[in-house]
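Read the structure below first, then the notes.
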Amino acid sequence: MKALTREGAIQMLNKVPEVTLYFWVIKIMATTVGETAADFLNFHLKLGLTGTSVVMGILLAIFLFMQFRTRRYVPWLYWMVVVLISIVGTLITDNLVDNFGVPLETTTVAFGVALLATFGAWYTSERTLSIRTIVTTRRELYYWAAILFTFALGTAAGDLAAEGLSLGYAKSTLIFGALIGLVSVAYYVFKANAVLAFWIAYILTRPLGASWGDYLSQPVANGGLGLGTVFTSMIFLSTIVALVIVLTVSRKDMLGQSTSGPGALMEPAILSVDDDAHSAGRR
């Protein structure tokens, strides 16, 4: 693959938002929408799992194509892809479990292995897993593949905890929230590796969002609050839209603006010294 010019590399970097509090809030809400919107399309619009999967798969392909074509980070486009990939990741797991009878334990392990394989291929090829060094199309492909598997894995793990292990939606939400808290402590207090902490937290936000979404939307008889998928999806989608508008205007999530300030969470710098060594080895 041809090396990018310095200007081209900067433009590619700008396609990935700064990891700030905005990033995590929108990410968790996107995971919740992925859970509730998939249920809404499946049951309320009577599309069924197969029909819903086809429609959302086509939409994801269209917006992914647009994402790869753009040369700069565009907030609405980036987060549209995240929301759609969240829905598709949920549908992949639901199809395997509901249509093909694959146990949640199996899907959890399978997607865990697929995610590890993606990370392994990514690191072997690029010598880094940092989202702040995505300066080629190949790295962006690895990035979106990893995100898809985190959503599919998170859906399976969240359903396994809430339903398979009978923990319920509220307890599952608290458990995954506590795990994210432990990752934050490991990073901020014990100085754990930023890239590792980021990806662990990113993976855990999916079952957190799935459990939270189910807790809000499912009937009281099933352990939820009974708000319904329509109301829950609309509230979270509206909030995502509002936050994306704020970011578009303020540009607070433009990469490099808050690398040393309090807003930078998890990956405050490009930590991959391996990246330079790897690049030097290829020259």
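Starting from 1 in every chain, residues are counted up; chains themselves are A, B, ... following the order of the structure tokens, and ligands are numbered from 1 as listed.
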message = Which residues are near stretch 67-78 of chain A? Cut-off 12 Å, only C-alpha atoms, ignore same chain within fewer than 2 positions. Put them as JSON, numbers by chain.
response = {"A": [4, 7, 8, 9, 10, 11, 12, 13, 14, 15, 16, 17, 18, 22, 23, 26, 27, 30, 60, 61, 62, 63, 64, 65, 80, 81, 82, 83, 84, 85, 134, 135, 136, 137, 138, 139, 140, 141, 143, 144, 240, 241, 242, 243, 244, 245, 246, 247, 248, 249, 250, 251, 252, 253, 254, 255]}
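Take atom CA of A:Val109 and atom CA of A:Phe190: the distance between them is 28.9 Å.
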task = Mind the document's chain letters and residue numbers, and return as an MDAnalysis selection string the residues of stretch 18-252 of chain A that DSSP labels helix (DSSP H, G or I).
result = chainID A and resid 21:44 48:69 75:99 104:126 131:133 137:164 169:188 194:217 220:222 229:250
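Here atom CA of A:Thr239 stands at a distance of 22.5 Å from atom CA of A:Thr150.
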